[in-house]
Amino acid sequence: MKFAVVVFPGSNCDHDTLYVLRHVFNQEACYVWHQDRDLQNADAIIIPGGFAHGDYLRCGAIAKFSPILENIKEHATQGKLVLGICNGFQILQEAGLLPGVMLRNSELKFICRHIYVKTENEETPFTTFCDPGKVLKIPIAHNEGNFSISTKGLEQLENNRQILFRYCDESGDITTAGNPNGSVSNIAGIMNRRGNVMGLMPHPERASESLIGSEDGRKIFESMINWNGAKN
Amino acid sequence: MSGDKKTTTAVNITANLVESHGLTQDEYKRIKNSLGREPNLTELGIFSVMWSEHCSYKSSRMHLKKLPTEGPQVIEGPGENAGVLDIGEGLAAVFKIESHNHPSFIEPYEGAATGVGGIIRDIFTMGARPVALLNSLHFGPINQAKNQLIMEGVVAGIAGYGNCMGIPTVGGEIYFEQNYSHNPIVNAFCLGIAPANEIFRAKAAGIGNPIIYVGAKTGRDGIHGATMASEEFNEDSETKRPNVQVGDPFLEKLLLEACLEAMSTGAVVGIQDMGAAGLTCSTCEMGSRGEVGIEIELDLVPQREKAMTPYEIMLSESQERMLLVAEKGKQREVLEIFRKWDLDATVIGEVKKNPCLTVYHAGEKVADISNNALADNAPLYDRPATRPQYLDDLELWENIDLPEPSDYNALILEMVRSPHLCSRRWVYQQYDHMVRTNTIVLPGSDAAVLRLKKSSGGLAISVDGNCRFSYLNPQIGAMMAVSEACRNLVCSGAQPIGATNCLNFGSPENPEVMWQFVETIAGISSACRIFKTPITGGNVSFYNETNQAPILPTPVLGLVGKIDDLDHRQESCFSQEGDQIYLLGETRDEIGGSIYLEQRGHPLCGPCPTIDLVQEKALQDQLLRLIENNLIESAHDLSEGGLVFALAESCYGLNCGARVDVSTDLRSDYYCFSESPTRVIVSVRETLEPDFLESISGIPVTKLGEVGGKKLEISINSRMIVSISIQELFGIWDGALDEIFSVE
Amino acid sequence: MKAKVIVRFKDGILDPQGQTIQRSLNKMGHPEITNLRQGKYFEIELAGINDKEVARCLIEEISRDVLCNPIIEAFQIEDIS
Amino acid sequence: MKAKVIVRFKDGILDPQGQTIQRSLNKMGHPEITNLRQGKYFEIELAGINDKEVARCLIEEISRDVLCNPIIEAFQIEDIS
Ligand SMILES: Nc1ncnc2c1ncn2[C@@H]1O[C@H](COP(=O)(O)OP(=O)(O)O)[C@@H](O)[C@H]1O
Ligand SMILES: [Mg+2]
């Protein structure tokens with residue numbers, strides 16, 4: 001399977017993501033510069049975390065105008081996989097590929113720590129390897145992760161089972177104590193209606209090796225690799 | 001004499017103008033002698049910056065020479081932008097620590113942020129990829145609102161800059177003492193990795209090579225011009241010159257990537273970051289290091305403001321700028337790279353044979369200063385030093401009447417909440433300490449441990465200082481600072497290999513401060529010699545004082561250690577119930593300067609605890625051997641608060657208790673709270689106890705007890721004096737800062 | 001030509017920053033402040049345009065497409081001069 | 001009573017955010033934008049005060065002490081109604 005990791009000026013989790021794809025999952029993976037127009041016929045696109053354009057104006061507000069976004073939209077309409085991690089999730093929202101918006105964390109502070117999420121839908125290309133009800137320990141690192149959406153929008157997400165991950169406490173209960181940033185209904189990760197574009201605030205590439213604290217993040221990459229293999 | 005032209009707006013140099021540039025009349029005489037004429041205003045500005053304490057180290061240079069800087073692993077010692085150590089497998093560790101104290105008092109967020117930006121530039125200017133940041137912060141008492149605002153701004157500034165750059169801030173230290181209220185201390189440490197044979201130096205070379213300005217545009221920020229009667233300094237010019245530099249981490253991230261890319265082309269001959277007094281320092285230092293001339297044209301310098309004068313351009317402290325010398329003919333390739341990253345990059349001059357700095361503006365020579373006029377005649381002072389009077393008053397502490405505490409539990413619950421001892425989670429959780437996925441021991445342990453993806457091993461880093469003990473005895477305090485930093489590395493399983501240091505003091509013109517400075521240098525030197533950790537660079541920050549009240553002597557040491565096999569990394573928390581707890585090292589009845597003494601209502605006083613550096617080195621060597629032979633499960637060094645709090649901190653991670661039962665002829669409170677150095681708490685698997693005991697020799701070992709239960713229980717001479725639930729202790733310890741800063 | 005644009009949250013949208021500032025002001029002894037909302041302010045200089053209407057259209061386009069996120073924000077052109 | 005306050009960087013102070021937005025707008029085909037600066041906008045609602053002058057003093061005090069960092073920012077009360 002071939003992954004393309006999109007690099008914007010200000011991205012800083014691009015090399016972490018490429019390292020995991022190549023060295024942990026031995027998959028083919030390459031960088032794609034935000035001004036290119038060629039996705040190197042990758043099977044899946046990953047927009048990594050970071051501070052694209054310094055997060056100035058709004059997170060992802062300037063990135064959505066980069067030429068590569070046209071190709072990413074085209075890639076998505078062909079049903080291929082797109083994963084936006086943290087800043088990548090914000091860019092997908094600004095570009096209209098995912099609903100809702102990320103507001104400042106309710107405590108108005110940058111938060112970097114391990115948190116727990118529960119998988120809410122295991123039948124998607126991103127979550128087939130997640131055991132139902134099992135809690136995943138994955139770190140977050142953001143200032144604007146407070147997911148917000150209209151009540152109607154939330155209803156649609158619930159009805160179409162587009163909510164893939166919710167923040168929870170260690171024992172798996174969806175509580176306000178387990179919600180680090182004030183996200184509506186503890187939402188940590190969602191996908192589009194069609195189910196091939198996912199946005200996730202926690203960083204799975206920072207939880208793919210026990211050496212750095214957790215392997216739970218592997219489940220997401222393994223699901224994508226497995227889904228792609230089954231598709232071809 | 002060539003170059004005696006005055007600028008068109010001739011300004012006569014009055015005694016007042018000289019003084020307001022921080023130059024003494026004698027220093028002004030030296031300028032005239034070395035130039036052979038009166039300087040013009042721009043030249044006066046250049047000399048005032050190059051001969052300032054900050055850039056010339058005129059009051060400290062002769063003492064800094066006493067520091068040990070030799071070592072087989074040293075590739076680059078003091079003199080360059082950062083120190084460089086060989087860490088094997090063809091790699092080098094590039095690191096340094098620098099201060100940004102005064103700006104952080106004026107504007108905490110931007111002061112701290114630009115401090116981080118500056119130290120990062122010192123690292124990648126050597127050709128290294130920055131991989132980790134640490135910081136050492138000192139504030140006034142945190143129950144005062146003003147100090148809370150400063151701390152909140154400083155922490156947010158460090159987070160804002162480091163997080164945006166994608167460089168993990170993996171640790172640091174924070175002290176709260178009265179006389180930092182008006183003089184906060186913000187020291188930033190950065191570590192980078194580079195191929196050992198591809199280190200870049202800040203040396204201009206190659207006559208005719210183009211000099212290229214890259215990075216942000218030049219503005220009027222940070223020019224410390226004086227208020228004077230010439231049109232350079234009229235009222236509105238002052239308002240035009242904001243004395244606060246604002247950092248742009250996004251632009252520096254582009255600058256970092258562009259510089260590393262440009263350096264990989266082989267077309268870069270020399271490169272220097274524009275630190276204090278930007279263009280002036282970089283041009284002068286690059287020229288003198290390369291023993292060549294530098295000629296620049298200020299009209300070519302990208303400018304953010306209109307009609308900037310030569311004085312302003314040469315002295316501007318705008319951030320995120322670098323100066324590099326490229327190989328003649330290859331500059332187009334270099335300029336292309338910076339344009340790709342959307343950065344300004346223009347050739348502003350070239351390297352000349354005649355070793356002097358010549359500056360043109362609007363077709364006129366505005367500065368013409370020979371390299372040795374700046375370097376050889378630079379002032380060098382052997383400031384008088386006298387033992388401070390306060391040291392005698394400290395001896396009177398004998399008659400402090402200190403009854404033993406009646407309720408240890410209540411006292412400990414109170415102390416664990418104090419800003420000296422409580423958790424720093426509220427701070428480091430604002431830093432992205434996981435980006436680059438190399439952080440394998442997270443903040444909160446003794447030292448941060450990083451893996452190196454290109455090699456099998458890793459590095460451990462720690463910054464440590466001890467202003468309280470340095471106040472009581474600067475020489476011993478300095479030894480303690482080096483020892484604690486090394487001990488923290490060893491507790492994490494690393495072999496200390498090199499050090500950097502930042503020396504924060506009051507005015508060098510105060511003989512008592514100068515005595516503290518000289519004693520501190522002596523302490524650092526003897527410790528670094530014994531631990532074989534050469535000094536590879538650092539920074540000196542003087543004049544940290546307000547109305548003649550200097551800060552405590554504040555040496556901050558940054559230590560780098562090497563771990564060959566990452567399996568030998570060690571954490572400070574206990575790992576399993578039933579493990580046996582041992583204390584390595586000896587507890588002495590010395591509570592001078594301790595947090596306990598302060599908690600009991602006494603000011604910072606008393607004789608400083610003593611330290612035996614040979615014994616400390618022996619303990620560190622044996623501890624490292626124990627770790628390498630897998631004979632221990634955890635190691636945590638004892639520092640502020642003493643034994644009780646080191647035990648508590650070792651319990652929190654496992655969320656379990658410890659049962660300690662010891663006998664001593666010390667007073668129980670001295671035993672619990674003494675801050676004697678050279679002590680480490682280790683836990684040993686029961687089955688390995690015999691091997692553990694057998695392999696230790698020459699250092700005191702005391703069995704303390706066992707890991708288990710839900711409480712921290714301590715019995716001394718079979719009297720249970722401490723029994724507190726770890727859950728309760730952790731709750732207070734962990735949430736103390738959150739409570740202080742919560743808005744509800 | 002210089003334009004001033006204000007971008008503020010639509011009503012009903014959570015404004016954590018505004019709420020926190022309001023709470024701390026109340027705590028500092030200003031109970032009379034019942035609501036505080038924070039938005040963004042832009043000053044834009046245009047060269048080579050001297051017709052106000054042309055400038056207004058341009059600023060409107062920029063505000064709608066870039067400066068403001070229509071899902072949660074609304075913009076208002078304060079003045080063009 | 002409702003007050004509008006604008007807080008912006010003082011002249012000469014670098015505005016990284018405004019600079020980056022301006023450069024991006026230029027690259028998106030708006031070269032006519034020669035300068036863009038971003039500041040903050042506050043809407044403050046006051047209860048129990050109906051004298052404009054009293055309100056103005058209060059808003060001035062809050063703006064000076066809390067909303068604006070006098071070292072690098074200046075504030076301007078847009079209107080009180
Ligand atoms: N306390 C110190 N110990 C050792 N070296 C020092 C110390 N202070 C400064 N130096 C060295 O002196 C040189 C000049 O310092 P400085 O001008 O602050 O460096 P830079 O211009 O790169 O920031 C540097 O190489 C620095 O490492
Ligand atoms: Mg430097």
# chains A, B, ... in the order shown; residues from 1 in each chain; ligands from 1
$ residues_near_ligand --ligand "ligand 2" --cutoff "7 Å" --atoms "only C-alpha atoms and all ligand atoms" --output "list of chain:residue names"
B:Asn81, B:Asp122, B:Gln272, B:Asp273, B:Met274, B:Gly275
$ residues_near_ligand --ligand "ligand 1" --cutoff "6 Å" --atoms "only C-alpha atoms and all ligand atoms" --output "mmCIF file with N, CA and C atoms, in the first residue's frame"
data_model
loop_
_atom_site.group_PDB
_atom_site.id
_atom_site.type_symbol
_atom_site.label_atom_id
_atom_site.label_comp_id
_atom_site.auth_asym_id
_atom_site.auth_seq_id
_atom_site.Cartn_x
_atom_site.Cartn_y
_atom_site.Cartn_z
ATOM 1 N N CYS B 55 27.754 41.128 25.019
ATOM 2 C CA CYS B 55 28.442 40.539 23.863
ATOM 3 C C CYS B 55 29.937 40.335 24.128
ATOM 4 N N LEU B 64 35.960 32.974 32.949
ATOM 5 C CA LEU B 64 35.426 31.843 32.173
ATOM 6 C C LEU B 64 36.558 30.943 31.673
ATOM 7 N N PRO B 78 33.809 26.254 23.899
ATOM 8 C CA PRO B 78 33.342 27.648 23.904
ATOM 9 C C PRO B 78 34.003 28.456 22.787
ATOM 10 N N GLY B 79 33.260 29.388 22.211
ATOM 11 C CA GLY B 79 33.791 30.236 21.136
ATOM 12 C C GLY B 79 32.858 30.209 19.934
ATOM 13 N N GLU B 80 32.182 29.104 19.754
ATOM 14 C CA GLU B 80 31.253 28.985 18.624
ATOM 15 C C GLU B 80 29.821 29.252 19.125
ATOM 16 N N ASN B 81 28.863 29.139 18.231
ATOM 17 C CA ASN B 81 27.471 29.406 18.633
ATOM 18 C C ASN B 81 26.937 28.365 19.606
ATOM 19 N N ALA B 82 27.464 27.124 19.521
ATOM 20 C CA ALA B 82 27.023 26.076 20.450
ATOM 21 C C ALA B 82 28.179 25.092 20.633
ATOM 22 N N ASP B 122 20.887 29.248 17.535
ATOM 23 C CA ASP B 122 22.289 28.935 17.856
ATOM 24 C C ASP B 122 22.626 27.480 17.538
ATOM 25 N N ASN B 501 26.528 25.980 30.462
ATOM 26 C CA ASN B 501 26.103 26.657 31.687
ATOM 27 C C ASN B 501 25.670 28.090 31.413
ATOM 28 N N CYS B 502 24.666 28.531 32.201
ATOM 29 C CA CYS B 502 24.228 29.927 32.104
ATOM 30 C C CYS B 502 24.371 30.543 33.500
ATOM 31 N N LEU B 503 25.135 31.618 33.583
ATOM 32 C CA LEU B 503 25.444 32.218 34.887
ATOM 33 C C LEU B 503 24.649 33.522 35.032
ATOM 34 N N GLY B 537 30.352 25.481 26.381
ATOM 35 C CA GLY B 537 29.822 26.797 26.005
ATOM 36 C C GLY B 537 28.820 27.258 27.055
ATOM 37 N N GLY B 538 28.157 28.333 26.773
ATOM 38 C CA GLY B 538 27.145 28.811 27.722
ATOM 39 C C GLY B 538 26.862 30.288 27.537
ATOM 40 N N ASN B 539 26.503 30.930 28.633
ATOM 41 C CA ASN B 539 26.056 32.323 28.556
ATOM 42 C C ASN B 539 26.230 32.967 29.930
ATOM 43 N N VAL B 540 26.420 34.264 29.928
ATOM 44 C CA VAL B 540 26.504 34.979 31.211
ATOM 45 C C VAL B 540 25.493 36.116 31.158
#
$ interface_residues --of "chain D" --to "chain C" --cutoff "8 Å" --atoms "only C-alpha atoms" --output "tab-separated table (two decimals) with N, CA and C atoms, in the first residue's frame"
chain	number	residue	atom	x	y	z
D	6	ILE	N	-11.62	48.04	20.36
D	6	ILE	CA	-10.65	47.42	19.42
D	6	ILE	C	-9.27	47.50	20.08
D	32	GLU	N	-3.03	43.60	-4.71
D	32	GLU	CA	-3.30	44.99	-4.34
D	32	GLU	C	-3.30	45.20	-2.83
D	33	ILE	N	-3.27	44.08	-2.08
D	33	ILE	CA	-3.24	44.23	-0.60
D	33	ILE	C	-1.79	44.46	-0.19
D	34	THR	N	-1.49	45.67	0.27
D	34	THR	CA	-0.09	45.99	0.58
D	34	THR	C	0.22	45.82	2.07
D	35	ASN	N	-0.82	45.84	2.92
D	35	ASN	CA	-0.54	45.66	4.35
D	35	ASN	C	-1.79	45.13	5.03
D	36	LEU	N	-1.63	44.22	5.95
D	36	LEU	CA	-2.77	43.69	6.70
D	36	LEU	C	-2.33	43.49	8.15
D	37	ARG	N	-3.08	44.03	9.09
D	37	ARG	CA	-2.76	43.85	10.51
D	37	ARG	C	-3.97	43.28	11.21
D	38	GLN	N	-3.71	42.31	12.12
D	38	GLN	CA	-4.84	41.67	12.84
D	38	GLN	C	-4.81	42.13	14.29
D	39	GLY	N	-6.02	42.45	14.81
D	39	GLY	CA	-6.11	42.83	16.23
D	39	GLY	C	-7.30	42.11	16.85
D	40	LYS	N	-7.67	42.53	18.04
D	40	LYS	CA	-8.78	41.86	18.73
D	40	LYS	C	-9.96	42.84	18.82
D	41	TYR	N	-11.16	42.26	18.88
D	41	TYR	CA	-12.39	43.07	18.96
D	41	TYR	C	-13.21	42.53	20.12
D	42	PHE	N	-13.66	43.43	20.98
D	42	PHE	CA	-14.45	42.99	22.15
D	42	PHE	C	-15.82	43.66	22.14
D	43	GLU	N	-16.83	42.86	22.44
D	43	GLU	CA	-18.18	43.41	22.66
D	43	GLU	C	-18.51	43.16	24.14
D	44	ILE	N	-18.76	44.24	24.86
D	44	ILE	CA	-18.97	44.11	26.31
D	44	ILE	C	-20.37	44.63	26.65
D	45	GLU	N	-21.14	43.79	27.33
D	45	GLU	CA	-22.48	44.22	27.76
D	45	GLU	C	-22.45	44.59	29.24
D	46	LEU	N	-22.98	45.77	29.57
D	46	LEU	CA	-23.00	46.25	30.97
D	46	LEU	C	-24.45	46.34	31.44
D	47	ALA	N	-24.68	45.83	32.63
D	47	ALA	CA	-26.05	45.92	33.20
D	47	ALA	C	-26.02	46.97	34.30
D	48	GLY	N	-27.15	47.65	34.46
D	48	GLY	CA	-27.31	48.58	35.58
D	48	GLY	C	-26.55	49.88	35.40
D	49	ILE	N	-26.08	50.17	34.18
D	49	ILE	CA	-25.41	51.47	33.95
D	49	ILE	C	-26.09	52.11	32.75
$ residues_around --residues "D:Ile13" --least-positions-apart "3" --cutoff "12 Å" --atoms "only C-alpha atoms" --output "PyMOL selection string"
(chain B and resi 110+218-222+239-248+304-305+318-319) or (chain D and resi 8-10+16-19+37-38+71-74)
$ write_last_selection --atoms "C-alpha atoms" --output "mmCIF file, in the first residue's frame"
data_model
loop_
_atom_site.group_PDB
_atom_site.id
_atom_site.type_symbol
_atom_site.label_atom_id
_atom_site.label_comp_id
_atom_site.auth_asym_id
_atom_site.auth_seq_id
_atom_site.Cartn_x
_atom_site.Cartn_y
_atom_site.Cartn_z
ATOM 1 C CA GLU B 110 7.431 37.577 23.860
ATOM 2 C CA THR B 218 14.627 44.231 9.690
ATOM 3 C CA GLY B 219 12.526 46.548 11.860
ATOM 4 C CA ARG B 220 13.205 49.035 14.630
ATOM 5 C CA ASP B 221 12.510 46.580 17.417
ATOM 6 C CA GLY B 222 14.840 46.172 20.330
ATOM 7 C CA THR B 239 8.033 55.715 20.215
ATOM 8 C CA LYS B 240 8.996 54.398 16.790
ATOM 9 C CA ARG B 241 11.362 52.037 18.542
ATOM 10 C CA PRO B 242 9.321 49.487 20.464
ATOM 11 C CA ASN B 243 11.734 47.907 22.921
ATOM 12 C CA VAL B 244 9.968 44.558 22.622
ATOM 13 C CA GLN B 245 10.949 42.026 19.997
ATOM 14 C CA VAL B 246 8.027 39.856 18.828
ATOM 15 C CA GLY B 247 8.917 36.327 17.721
ATOM 16 C CA ASP B 248 7.437 34.515 14.695
ATOM 17 C CA ARG B 304 10.090 46.341 7.403
ATOM 18 C CA GLU B 305 9.959 50.045 8.245
ATOM 19 C CA SER B 318 14.507 41.866 14.864
ATOM 20 C CA GLN B 319 14.171 38.102 15.280
ATOM 21 C CA ARG D 8 -4.365 46.444 18.047
ATOM 22 C CA PHE D 9 -0.560 46.236 18.029
ATOM 23 C CA LYS D 10 1.259 49.539 18.389
ATOM 24 C CA PRO D 16 3.523 37.893 12.392
ATOM 25 C CA GLN D 17 -0.089 36.825 11.927
ATOM 26 C CA GLY D 18 -1.104 39.852 9.831
ATOM 27 C CA GLN D 19 2.070 39.535 7.751
ATOM 28 C CA ARG D 37 -2.759 43.853 10.507
ATOM 29 C CA GLN D 38 -4.836 41.673 12.841
ATOM 30 C CA ILE D 71 3.567 47.346 26.351
ATOM 31 C CA ILE D 72 2.799 46.173 22.811
ATOM 32 C CA GLU D 73 -0.891 47.061 22.243
ATOM 33 C CA ALA D 74 -3.141 50.134 22.144
#
$ interface_residues --of "chain A" --to "chain C" --cutoff "7 Å" --atoms "only C-alpha atoms" --output "ChimeraX atom specification"
/A:61,104,106,108
$ closest_residue --among "A:Ala230, A:Ile68, A:Cys13, A:Ile212" --to "A:Thr128" --atoms "only C-alpha atoms"
A:Ala230
$ closest_residue --among "A:Val24, A:Ala52, A:Ile47, A:Cys168" --to "chain B" --atoms "only C-alpha atoms"
A:Ala52
$ closest_atom_pairs --of "chain B" --to "chain A" --cutoff "8 Å" --atoms "only C-alpha atoms" --output "Markdown table"
| residue | atom | partner | partner_atom | distance |
| --- | --- | --- | --- | --- |
| B:Ala159 | CA | A:Phe110 | CA | 7.8 |
| B:Cys164 | CA | A:Phe51 | CA | 5.7 |
| B:Met165 | CA | A:Asn12 | CA | 7.2 |
| B:Gly166 | CA | A:Asn12 | CA | 5.0 |
| B:Pro249 | CA | A:Gly54 | CA | 7.3 |
| B:Phe250 | CA | A:Gly54 | CA | 4.7 |
| B:Lys253 | CA | A:Gly10 | CA | 6.5 |
| B:Leu254 | CA | A:Pro9 | CA | 6.8 |
| B:Trp341 | CA | A:Pro9 | CA | 7.6 |
| B:Gln429 | CA | A:Cys112 | CA | 5.1 |
| B:Gln430 | CA | A:Phe110 | CA | 4.8 |
| B:Tyr431 | CA | A:Cys112 | CA | 6.5 |
| B:Asp432 | CA | A:Cys112 | CA | 5.4 |
| B:His433 | CA | A:Cys112 | CA | 7.1 |
| B:Met434 | CA | A:Arg206 | CA | 7.3 |
| B:Val435 | CA | A:Cys13 | CA | 6.7 |
| B:Arg436 | CA | A:Asp16 | CA | 5.6 |
| B:Thr437 | CA | A:Arg206 | CA | 5.9 |
| B:Asn438 | CA | A:Ile212 | CA | 7.2 |
| B:Thr439 | CA | A:Ile212 | CA | 6.6 |
| B:Ile440 | CA | A:Ile212 | CA | 4.9 |
| B:Val441 | CA | A:Ile212 | CA | 7.9 |
$ closest_residue --among "B:Lys340, B:Gly215, B:Leu688, B:Asn473" --to "A:Gln35" --atoms "only C-alpha atoms"
B:Lys340
$ select_by_dssp --residues "stretch 73-217 of chain A" --states "strand (DSSP E or B)" --output "MDAnalysis selection string"
chainID A and resid 81:85 101:103 111:119 135:142 146:148 163:168 187:191 197:200 209 214
$ select_by_dssp --residues "chain C" --states "alpha helix (DSSP H)" --output "ChimeraX atom specification"
/C:16-27,52-62
$ decode --residues "stretch 11-51 of chain D" --atoms "C-alpha atoms" --output "PDB file, in the first residue's frame"
ATOM      1  CA  ASP D  11       3.005  50.759  15.242  1.00  0.00           C
ATOM      2  CA  GLY D  12       6.444  49.239  14.681  1.00  0.00           C
ATOM      3  CA  ILE D  13       5.552  46.097  16.620  1.00  0.00           C
ATOM      4  CA  LEU D  14       5.893  43.076  14.340  1.00  0.00           C
ATOM      5  CA  ASP D  15       2.528  41.400  13.575  1.00  0.00           C
ATOM      6  CA  PRO D  16       3.523  37.893  12.392  1.00  0.00           C
ATOM      7  CA  GLN D  17      -0.089  36.825  11.927  1.00  0.00           C
ATOM      8  CA  GLY D  18      -1.104  39.852   9.831  1.00  0.00           C
ATOM      9  CA  GLN D  19       2.070  39.535   7.751  1.00  0.00           C
ATOM     10  CA  THR D  20       1.450  35.851   6.985  1.00  0.00           C
ATOM     11  CA  ILE D  21      -2.211  36.422   6.032  1.00  0.00           C
ATOM     12  CA  GLN D  22      -1.210  39.326   3.777  1.00  0.00           C
ATOM     13  CA  ARG D  23       1.455  37.244   2.018  1.00  0.00           C
ATOM     14  CA  SER D  24      -1.016  34.386   1.476  1.00  0.00           C
ATOM     15  CA  LEU D  25      -3.675  36.754   0.087  1.00  0.00           C
ATOM     16  CA  ASN D  26      -1.076  38.205  -2.302  1.00  0.00           C
ATOM     17  CA  LYS D  27      -0.236  34.683  -3.484  1.00  0.00           C
ATOM     18  CA  MET D  28      -3.933  33.877  -3.872  1.00  0.00           C
ATOM     19  CA  GLY D  29      -4.185  36.628  -6.468  1.00  0.00           C
ATOM     20  CA  HIS D  30      -4.768  39.783  -4.438  1.00  0.00           C
ATOM     21  CA  PRO D  31      -1.516  41.717  -5.051  1.00  0.00           C
ATOM     22  CA  GLU D  32      -3.305  44.993  -4.342  1.00  0.00           C
ATOM     23  CA  ILE D  33      -3.236  44.229  -0.602  1.00  0.00           C
ATOM     24  CA  THR D  34      -0.089  45.987   0.577  1.00  0.00           C
ATOM     25  CA  ASN D  35      -0.538  45.663   4.348  1.00  0.00           C
ATOM     26  CA  LEU D  36      -2.772  43.692   6.704  1.00  0.00           C
ATOM     27  CA  ARG D  37      -2.759  43.853  10.507  1.00  0.00           C
ATOM     28  CA  GLN D  38      -4.836  41.673  12.841  1.00  0.00           C
ATOM     29  CA  GLY D  39      -6.113  42.833  16.232  1.00  0.00           C
ATOM     30  CA  LYS D  40      -8.784  41.864  18.729  1.00  0.00           C
ATOM     31  CA  TYR D  41     -12.390  43.069  18.963  1.00  0.00           C
ATOM     32  CA  PHE D  42     -14.448  42.987  22.146  1.00  0.00           C
ATOM     33  CA  GLU D  43     -18.184  43.407  22.663  1.00  0.00           C
ATOM     34  CA  ILE D  44     -18.973  44.112  26.307  1.00  0.00           C
ATOM     35  CA  GLU D  45     -22.481  44.221  27.757  1.00  0.00           C
ATOM     36  CA  LEU D  46     -23.002  46.252  30.966  1.00  0.00           C
ATOM     37  CA  ALA D  47     -26.045  45.918  33.196  1.00  0.00           C
ATOM     38  CA  GLY D  48     -27.314  48.578  35.579  1.00  0.00           C
ATOM     39  CA  ILE D  49     -25.405  51.470  33.951  1.00  0.00           C
ATOM     40  CA  ASN D  50     -27.214  53.950  31.764  1.00  0.00           C
ATOM     41  CA  ASP D  51     -24.914  56.993  31.959  1.00  0.00           C
TER      42      ASP D  51
END
